[in-house]
$ cat protein_6.txt   # compact mmCIF, C-alpha atoms and all ligand atoms
# COMPACT_ATOMS: atom_id res chain seq x y z
CA MET C 55 -10.46 -31.33 -2.58
CA ALA C 56 -7.71 -33.32 -4.26
CA ASN C 57 -4.86 -34.23 -1.95
CA LYS C 58 -1.87 -34.70 -4.21
CA LYS C 59 1.09 -33.58 -2.11
CA VAL C 60 2.83 -30.47 -3.41
CA THR C 61 6.61 -30.37 -3.16
CA LYS C 62 7.68 -27.32 -5.12
CA ILE C 63 5.70 -24.13 -5.40
CA GLY C 64 5.95 -21.00 -7.49
CA VAL C 65 4.93 -17.51 -6.40
CA LEU C 66 4.29 -14.50 -8.60
CA THR C 67 2.90 -10.99 -8.45
CA SER C 68 0.82 -9.79 -11.37
CA GLY C 69 -1.15 -6.73 -12.53
CA GLY C 70 -0.71 -3.39 -10.78
CA ASP C 71 1.66 -3.60 -7.81
CA ALA C 72 0.25 -2.98 -4.35
CA PRO C 73 2.03 -2.13 -1.08
CA GLY C 74 2.23 -5.32 0.98
CA MET C 75 2.97 -7.63 -1.94
CA ASN C 76 6.49 -8.09 -0.58
CA ALA C 77 5.13 -9.04 2.83
CA ALA C 78 2.94 -11.65 1.10
CA ILE C 79 5.88 -13.06 -0.89
CA ARG C 80 7.89 -13.28 2.32
CA ALA C 81 5.08 -15.16 4.09
CA VAL C 82 4.66 -17.60 1.20
CA VAL C 83 8.40 -18.31 0.94
CA ARG C 84 8.97 -18.77 4.66
CA THR C 85 5.84 -20.87 5.25
CA ALA C 86 6.79 -23.10 2.34
CA ILE C 87 10.32 -23.55 3.68
CA TYR C 88 8.92 -24.31 7.13
CA HIS C 89 6.98 -27.17 5.55
CA GLY C 90 10.04 -28.45 3.68
CA LEU C 91 8.86 -27.27 0.26
CA GLU C 92 11.07 -25.75 -2.41
CA VAL C 93 9.99 -22.28 -3.54
CA PHE C 94 10.52 -20.48 -6.82
CA GLY C 95 9.93 -16.82 -7.52
CA ILE C 96 8.45 -16.17 -10.96
CA MET C 97 9.60 -12.79 -12.26
CA ARG C 98 7.26 -10.23 -13.85
CA GLY C 99 4.06 -12.21 -13.31
CA TYR C 100 2.91 -14.51 -16.08
CA ALA C 101 5.60 -13.08 -18.37
CA GLY C 102 8.24 -14.84 -16.29
CA MET C 103 6.28 -18.08 -16.50
CA VAL C 104 6.16 -17.88 -20.31
CA GLU C 105 9.77 -16.71 -20.65
CA ASN C 106 11.15 -19.10 -18.03
CA ASP C 107 12.38 -16.27 -15.81
CA ILE C 108 12.08 -18.30 -12.63
CA ILE C 109 14.47 -18.20 -9.68
CA GLU C 110 14.88 -20.43 -6.68
CA MET C 111 14.25 -18.64 -3.39
CA ASN C 112 15.30 -19.27 0.17
CA SER C 113 14.57 -17.69 3.50
CA ARG C 114 17.25 -15.02 2.92
CA SER C 115 15.79 -14.00 -0.45
CA VAL C 116 12.93 -12.38 1.42
CA ALA C 117 14.92 -10.79 4.23
CA ASN C 118 14.35 -7.10 4.88
CA ILE C 119 11.45 -6.70 2.45
CA ILE C 120 8.36 -6.68 4.68
CA GLN C 121 8.51 -2.88 4.93
CA ARG C 122 9.11 -2.20 1.23
CA GLY C 123 6.53 -1.12 -1.34
CA GLY C 124 6.50 -2.47 -4.90
CA THR C 125 7.35 -6.13 -5.44
CA ILE C 126 10.77 -7.79 -5.50
CA LEU C 127 9.39 -10.24 -8.09
CA LYS C 128 8.32 -7.33 -10.29
CA THR C 129 5.04 -7.36 -12.15
CA ALA C 130 3.76 -7.05 -15.69
CA ARG C 131 0.74 -7.58 -17.90
CA CYS C 132 1.42 -10.47 -20.27
CA LYS C 133 -0.36 -10.76 -23.64
CA GLU C 134 1.12 -14.21 -24.43
CA PHE C 135 -0.55 -15.73 -21.36
CA TYR C 136 -3.98 -14.78 -22.77
CA GLU C 137 -3.29 -17.28 -25.58
CA TYR C 138 -3.45 -21.03 -25.03
CA GLU C 139 -0.01 -21.50 -26.66
CA GLY C 140 1.50 -19.09 -24.13
CA ARG C 141 -0.03 -21.02 -21.24
CA VAL C 142 1.30 -24.32 -22.65
CA THR C 143 4.81 -22.86 -22.76
CA ALA C 144 4.37 -21.58 -19.20
CA TYR C 145 3.18 -25.02 -18.06
CA HIS C 146 6.22 -26.75 -19.56
CA ASN C 147 8.54 -24.25 -17.89
CA LEU C 148 6.98 -24.97 -14.49
CA LYS C 149 6.96 -28.74 -15.09
CA GLU C 150 10.62 -28.69 -16.07
CA LYS C 151 11.40 -27.32 -12.60
CA GLY C 152 8.97 -29.71 -10.92
CA ILE C 153 6.71 -26.88 -9.73
CA ASP C 154 3.39 -28.43 -8.70
CA GLY C 155 1.59 -25.54 -6.99
CA LEU C 156 1.23 -21.83 -7.66
CA VAL C 157 0.46 -18.75 -5.57
CA VAL C 158 -0.74 -15.77 -7.60
CA ILE C 159 -0.79 -12.39 -5.86
CA GLY C 160 -2.79 -9.85 -7.84
CA GLY C 161 -6.17 -8.52 -8.85
CA ASP C 162 -9.01 -9.70 -11.04
CA GLY C 163 -7.00 -9.93 -14.30
CA SER C 164 -4.42 -12.08 -12.53
CA PHE C 165 -7.12 -14.35 -11.11
CA LYS C 166 -8.70 -14.82 -14.53
CA GLY C 167 -5.32 -16.08 -15.79
CA ALA C 168 -4.85 -18.36 -12.76
CA GLN C 169 -8.32 -19.80 -13.14
CA LYS C 170 -7.79 -20.64 -16.82
CA PHE C 171 -4.39 -22.13 -16.13
CA SER C 172 -5.46 -24.36 -13.26
CA ASN C 173 -8.48 -25.59 -15.25
CA GLU C 174 -6.29 -26.52 -18.20
CA PHE C 175 -3.30 -28.03 -16.42
CA ASP C 176 -2.56 -30.15 -13.35
CA ILE C 177 -1.03 -27.33 -11.31
CA PRO C 178 -3.27 -26.02 -8.52
CA CYS C 179 -3.45 -22.24 -8.12
CA ILE C 180 -4.21 -20.18 -5.04
CA GLY C 181 -4.96 -16.46 -5.38
CA LEU C 182 -4.17 -13.70 -2.89
CA PRO C 183 -6.03 -10.41 -3.42
CA GLY C 184 -3.30 -7.84 -4.02
CA THR C 185 -4.78 -4.63 -5.34
CA ILE C 186 -5.20 -1.08 -4.10
CA ASP C 187 -8.66 -0.99 -5.72
CA LYS C 188 -10.37 -3.43 -3.29
CA ASP C 189 -12.56 -4.55 -6.19
CA ILE C 190 -12.56 -8.27 -5.36
CA ALA C 191 -15.47 -10.19 -3.85
CA GLY C 192 -14.92 -12.72 -1.08
CA SER C 193 -12.67 -10.60 1.10
CA ASP C 194 -13.28 -7.56 3.28
CA VAL C 195 -9.70 -6.49 2.65
CA THR C 196 -7.15 -6.54 -0.14
CA ILE C 197 -3.40 -6.20 0.17
CA GLY C 198 -2.44 -2.59 -0.59
CA PHE C 199 -5.77 -0.85 -0.11
CA ASP C 200 -5.08 0.40 3.41
CA THR C 201 -1.73 1.91 2.41
CA ALA C 202 -3.17 3.51 -0.73
CA VAL C 203 -6.08 5.05 1.10
CA ASN C 204 -3.82 6.40 3.86
CA THR C 205 -1.54 7.92 1.22
CA ALA C 206 -4.60 9.57 -0.33
CA VAL C 207 -5.75 10.88 3.07
CA GLU C 208 -2.35 12.39 3.81
CA ALA C 209 -2.29 14.14 0.43
CA ILE C 210 -5.88 15.37 0.65
CA ASP C 211 -5.30 16.79 4.16
CA LYS C 212 -2.51 18.91 2.66
CA ILE C 213 -4.71 20.00 -0.21
CA ARG C 214 -7.40 21.04 2.25
CA ASP C 215 -4.98 23.46 3.94
CA THR C 216 -4.33 25.40 0.77
CA MET C 217 -7.95 25.03 -0.37
CA ASP C 218 -9.18 26.64 2.86
CA ALA C 219 -6.58 29.39 2.69
CA HIS C 220 -7.83 30.45 -0.75
CA ASP C 221 -11.52 29.58 -0.39
CA ARG C 222 -11.23 27.41 -3.46
CA LEU C 223 -13.12 24.56 -5.01
CA PHE C 224 -10.86 21.54 -5.19
CA ILE C 225 -11.43 18.34 -7.11
CA VAL C 226 -9.15 15.50 -6.08
CA GLU C 227 -9.10 12.47 -8.35
CA VAL C 228 -8.06 9.18 -6.79
CA MET C 229 -7.40 5.76 -8.31
CA GLY C 230 -9.60 2.67 -8.23
CA ARG C 231 -10.12 1.80 -11.89
CA ASP C 232 -13.90 1.16 -11.93
CA ALA C 233 -14.24 0.89 -8.15
CA GLY C 234 -14.91 3.73 -5.72
CA TYR C 235 -13.42 2.42 -2.47
CA ILE C 236 -10.37 4.65 -2.35
CA ALA C 237 -12.59 7.67 -3.10
CA LEU C 238 -15.21 6.70 -0.53
CA HIS C 239 -12.81 5.94 2.31
CA SER C 240 -10.41 8.83 1.70
CA GLY C 241 -13.28 11.25 1.09
CA ILE C 242 -15.04 10.39 4.33
CA ALA C 243 -11.79 10.47 6.29
CA THR C 244 -10.92 13.95 5.00
CA GLY C 245 -14.40 15.40 5.42
CA ALA C 246 -15.01 15.87 1.69
CA GLU C 247 -18.20 17.74 0.89
CA ASN C 248 -18.87 15.50 -2.11
CA ILE C 249 -17.67 12.06 -3.14
CA LEU C 250 -18.30 10.76 -6.64
CA ILE C 251 -17.96 7.02 -7.19
CA PRO C 252 -18.98 4.68 -10.00
CA GLU C 253 -21.09 2.46 -7.75
CA THR C 254 -23.72 5.07 -6.96
CA LYS C 255 -25.59 7.62 -9.06
CA THR C 256 -24.57 11.24 -8.62
CA ASP C 257 -27.21 13.92 -8.75
CA ILE C 258 -25.15 16.45 -10.70
CA GLU C 259 -27.92 19.09 -10.61
CA ASP C 260 -28.00 18.86 -6.83
CA LEU C 261 -24.21 19.23 -6.73
CA ILE C 262 -24.26 22.30 -9.03
CA LEU C 263 -27.08 23.83 -6.98
CA SER C 264 -25.19 23.50 -3.69
CA LEU C 265 -22.01 24.91 -5.29
CA THR C 266 -23.96 27.81 -6.80
CA GLU C 267 -25.43 28.68 -3.40
CA LYS C 268 -21.96 28.70 -1.85
CA GLU C 269 -20.67 30.82 -4.73
CA LYS C 270 -23.43 33.39 -4.10
CA ARG C 271 -22.27 33.63 -0.50
CA LYS C 272 -18.68 34.10 -1.78
CA LYS C 273 -17.78 30.94 0.13
CA LEU C 274 -17.09 28.39 -2.57
CA VAL C 275 -14.66 26.41 -0.49
CA ASN C 276 -15.48 22.83 -1.30
CA LEU C 277 -13.64 19.54 -1.52
CA ILE C 278 -14.81 16.98 -4.06
CA VAL C 279 -13.16 13.57 -4.12
CA VAL C 280 -13.81 11.75 -7.38
CA ALA C 281 -12.96 8.18 -8.34
CA GLU C 282 -11.12 7.97 -11.66
CA GLY C 283 -13.86 5.77 -13.11
CA GLY C 284 -16.68 8.09 -12.07
CA GLU C 285 -19.96 8.62 -13.89
CA PHE C 286 -18.97 12.10 -15.08
CA GLY C 287 -15.47 11.15 -16.13
CA ASP C 288 -12.23 11.97 -14.40
CA GLY C 289 -11.32 15.02 -12.31
CA ASN C 290 -10.64 17.27 -15.30
CA GLU C 291 -13.90 16.37 -16.98
CA LEU C 292 -15.83 17.10 -13.81
CA ALA C 293 -14.03 20.44 -13.47
CA LYS C 294 -15.08 21.29 -17.04
CA ILE C 295 -18.74 20.61 -16.25
CA ILE C 296 -18.57 22.78 -13.11
CA LYS C 297 -16.72 25.58 -14.93
CA GLU C 298 -19.37 25.64 -17.64
CA ARG C 299 -22.16 25.95 -15.09
CA ILE C 300 -20.36 28.24 -12.61
CA PRO C 301 -17.82 30.24 -14.67
CA SER C 302 -16.60 32.28 -11.70
CA ALA C 303 -15.59 29.21 -9.66
CA ASP C 304 -11.92 29.26 -8.70
CA THR C 305 -11.40 25.57 -9.34
CA ARG C 306 -8.28 23.42 -9.10
CA VAL C 307 -7.85 19.76 -9.95
CA CYS C 308 -5.34 17.45 -8.34
CA ILE C 309 -4.82 13.96 -9.72
CA LEU C 310 -3.08 11.89 -7.06
CA GLY C 311 -2.05 9.16 -9.50
CA HIS C 312 0.61 6.56 -8.85
CA ILE C 313 1.79 7.87 -5.49
CA GLN C 314 -1.17 5.83 -4.23
CA ARG C 315 0.52 2.64 -5.40
CA GLY C 316 3.88 3.18 -3.73
CA GLY C 317 5.36 3.58 -0.30
CA SER C 318 5.95 1.47 2.74
CA PRO C 319 2.91 -0.71 3.54
CA THR C 320 0.88 0.12 6.63
CA CYS C 321 0.84 -2.26 9.59
CA GLU C 322 -2.60 -3.45 8.46
CA ASP C 323 -1.36 -4.35 4.96
CA ARG C 324 1.69 -6.16 6.37
CA LEU C 325 -0.56 -8.15 8.69
CA ILE C 326 -3.13 -9.22 6.12
CA ALA C 327 -0.39 -10.04 3.60
CA SER C 328 1.42 -12.20 6.17
CA HIS C 329 -1.80 -13.91 7.21
CA MET C 330 -2.94 -14.60 3.65
CA GLY C 331 0.54 -15.68 2.51
CA TYR C 332 0.70 -18.26 5.28
CA TYR C 333 -2.74 -19.64 4.39
CA ALA C 334 -1.93 -19.76 0.68
CA VAL C 335 0.74 -22.39 1.36
CA GLU C 336 -1.44 -24.22 3.89
CA SER C 337 -4.16 -24.32 1.20
CA LEU C 338 -1.88 -25.95 -1.36
CA LEU C 339 -0.79 -28.47 1.26
CA VAL C 340 -4.36 -29.59 1.97
CA GLY C 341 -5.15 -29.82 -1.74
CA ARG C 342 -7.13 -26.63 -2.34
CA ASN C 343 -7.20 -25.38 -5.91
CA ASN C 344 -8.62 -22.44 -7.81
CA VAL C 345 -9.57 -20.45 -4.72
CA MET C 346 -8.69 -17.05 -3.35
CA VAL C 347 -7.64 -16.68 0.27
CA GLY C 348 -9.56 -13.73 1.69
CA VAL C 349 -10.55 -12.36 5.07
CA VAL C 350 -14.22 -12.02 6.05
CA ASN C 351 -15.17 -10.81 9.52
CA ASN C 352 -11.53 -11.19 10.57
CA LYS C 353 -11.44 -14.84 9.61
CA ILE C 354 -9.74 -16.55 6.69
CA HIS C 355 -12.30 -17.23 3.98
CA TYR C 356 -11.96 -19.13 0.70
CA THR C 357 -13.74 -18.04 -2.48
CA PRO C 358 -13.59 -19.74 -5.89
CA LEU C 359 -11.47 -17.54 -8.18
CA ASP C 360 -14.25 -17.10 -10.73
CA LYS C 361 -16.63 -15.83 -8.04
CA ALA C 362 -14.02 -13.41 -6.67
CA VAL C 363 -13.65 -11.93 -10.12
CA LYS C 364 -17.29 -11.81 -11.23
CA GLU C 365 -18.97 -10.54 -8.09
CA LYS C 366 -17.61 -7.15 -7.13
CA GLN C 367 -17.90 -5.83 -3.60
CA LYS C 368 -20.88 -3.57 -3.15
CA ILE C 369 -21.09 -0.05 -1.74
CA GLY C 370 -24.42 0.68 -0.04
CA GLN C 371 -26.38 3.87 -0.89
CA GLU C 372 -26.52 4.73 2.81
CA TRP C 373 -22.86 5.76 2.67
CA MET C 374 -23.77 8.64 0.37
CA LYS C 375 -26.46 9.76 2.82
CA ILE C 376 -23.88 9.72 5.62
CA VAL C 377 -21.42 11.76 3.49
CA LYS C 378 -24.11 14.39 2.88
CA ILE C 379 -25.14 14.62 6.54
CA LEU C 380 -21.57 14.82 7.84
CA ALA C 381 -20.51 17.44 5.31
CA SER C 382 -23.45 19.79 5.96
O1 LIG C 401 -5.44 -1.58 -10.40
C1 LIG C 401 -4.59 -0.68 -9.77
C2 LIG C 401 -4.52 0.62 -10.53
O2 LIG C 401 -3.64 1.49 -9.86
C3 LIG C 401 -5.86 1.30 -10.79
O3 LIG C 401 -6.35 1.99 -9.66
C4 LIG C 401 -5.54 2.18 -11.95
O4 LIG C 401 -6.68 2.46 -12.72
C5 LIG C 401 -4.56 1.35 -12.75
O5 LIG C 401 -4.01 0.39 -11.84
C6 LIG C 401 -3.44 2.11 -13.38
O6 LIG C 401 -2.71 1.23 -14.15
P1 LIG C 401 -1.28 1.60 -14.77
O7 LIG C 401 -0.28 1.58 -13.65
O8 LIG C 401 -1.04 0.52 -15.76
O9 LIG C 401 -1.41 2.95 -15.36
$ encode --input "protein_6.txt" --output "structure tokens" --more "lines below"
Ligand code: F6P
Amino acid sequence: MANKKVTKIGVLTSGGDAPGMNAAIRAVVRTAIYHGLEVFGIMRGYAGMVENDIIEMNSRSVANIIQRGGTILKTARCKEFYEYEGRVTAYHNLKEKGIDGLVVIGGDGSFKGAQKFSNEFDIPCIGLPGTIDKDIAGSDVTIGFDTAVNTAVEAIDKIRDTMDAHDRLFIVEVMGRDAGYIALHSGIATGAENILIPETKTDIEDLILSLTEKEKRKKLVNLIVVAEGGEFGDGNELAKIIKERIPSADTRVCILGHIQRGGSPTCEDRLIASHMGYYAVESLLVGRNNVMVGVVNNKIHYTPLDKAVKEKQKIGQEWMKIVKILAS
């Protein structure tokens, strides 16, 4: 661990926003000020770094934001930062302000950028996992997941009311990109009969068979929660397959979409964001570089950024067995 003292740090949010990002920004800013550091907010992720959209922050800049969804620093996906020339421009913009440490709050795409940047230039980067998808290794939790999954649960509970009233087959598609955590957690919590996620194989014939049996009994009331990146495509594609095999099925599809990304963060997300934000600054102060601050078994845990990106979290097959048993 190098121990060059940081004096001015930058903080940015990048990739898809996640509820709790504001709580993390607040923790970073206030911890930095506590240690006598200057803090700069970089607007719109790496785009603000390239375009020199960087503002000085103080304790008041982060007042009254812990409860707000979205991100006060805004977020974007920045093509220029993928190119070396873009990163050189970004480096000069930071250097010009004397910024000598960076906190990047985002998901795997954001970490890939941070890793490249800190390997190429003398500015250490610390990552905080901010994504509703929970698709980052090296942390049991990510900022935003708990809020997103609770939003999904609330919505699915409402869908179940109308589904039951009509004895319908409902397919609810949730977000997660190529990860199935939101589907798995929200599906179990709402008593879904079937949960389809990219991490495990789905026996589609078995699914059709059980639906057909229910249909014969005129009781095709069934909730399927599907992850958007599922093996059989999204919710509409799955509905098409079921319709082809069971034409009489009264099927509806609900795509929850971006409501899962918004809203006031849960207590859990505010806590982990505050905890991680504090340790991001502490990490820069002790000379850490190129690591993500995560939480494993309720303890702060550091993972090299490249490992956090490459090794996804795993979902055990036994969860699917549990889903089946509990829904029978
Ligand atoms: O990574 C967060 C996420 O919400 C994914 O779950 C989803 O696939 C994607 O972002 C949607 O991205 P966009 O907001 O660009 O449509």
$ residues_near_ligand --input "protein_6.txt" --ligand "ligand LIG 401 (chain C)" --cutoff "9 Å" --atoms "only C-alpha atoms and all ligand atoms" --output "MDAnalysis selection string"
chainID C and resid 69:72 130:131 161:162 185:189 228:233 236 282:283 311:312 314:315
$ atom_distance --input "protein_6.txt" --atom1 "atom CA of C:Gly152" --atom2 "atom CA of C:Leu91"
11.4 Å
$ residues_near_point --input "protein_6.txt" --point "(-9.7, -14.4, -17.5)" --cutoff "12 Å" --atoms "all atoms listed in the file" --output "list in words"
Lys133, Phe135, Tyr136, Glu137, Tyr138, Gly161, Asp162, Gly163, Ser164, Phe165, Lys166, Gly167, Ala168, Gln169, Lys170, Phe171, Ser172, Asn173, Leu359, Asp360, Lys361, Ala362, Val363 and Lys364 of chain C
$ residues_around --input "protein_6.txt" --residues "C:Asn343" --least-positions-apart "3" --cutoff "9 Å" --atoms "only C-alpha atoms" --output "list in words"
Met55, Ala56, Gly155, Ser172, Ile177, Pro178, Cys179, Ile180, Ser337, Leu338, Met346 and Pro358 of chain C
$ closest_residue --input "protein_6.txt" --among "C:Ile262, C:Ala191, C:Met111, C:Ile159" --to "C:Lys128" --atoms "only C-alpha atoms"
C:Ile159
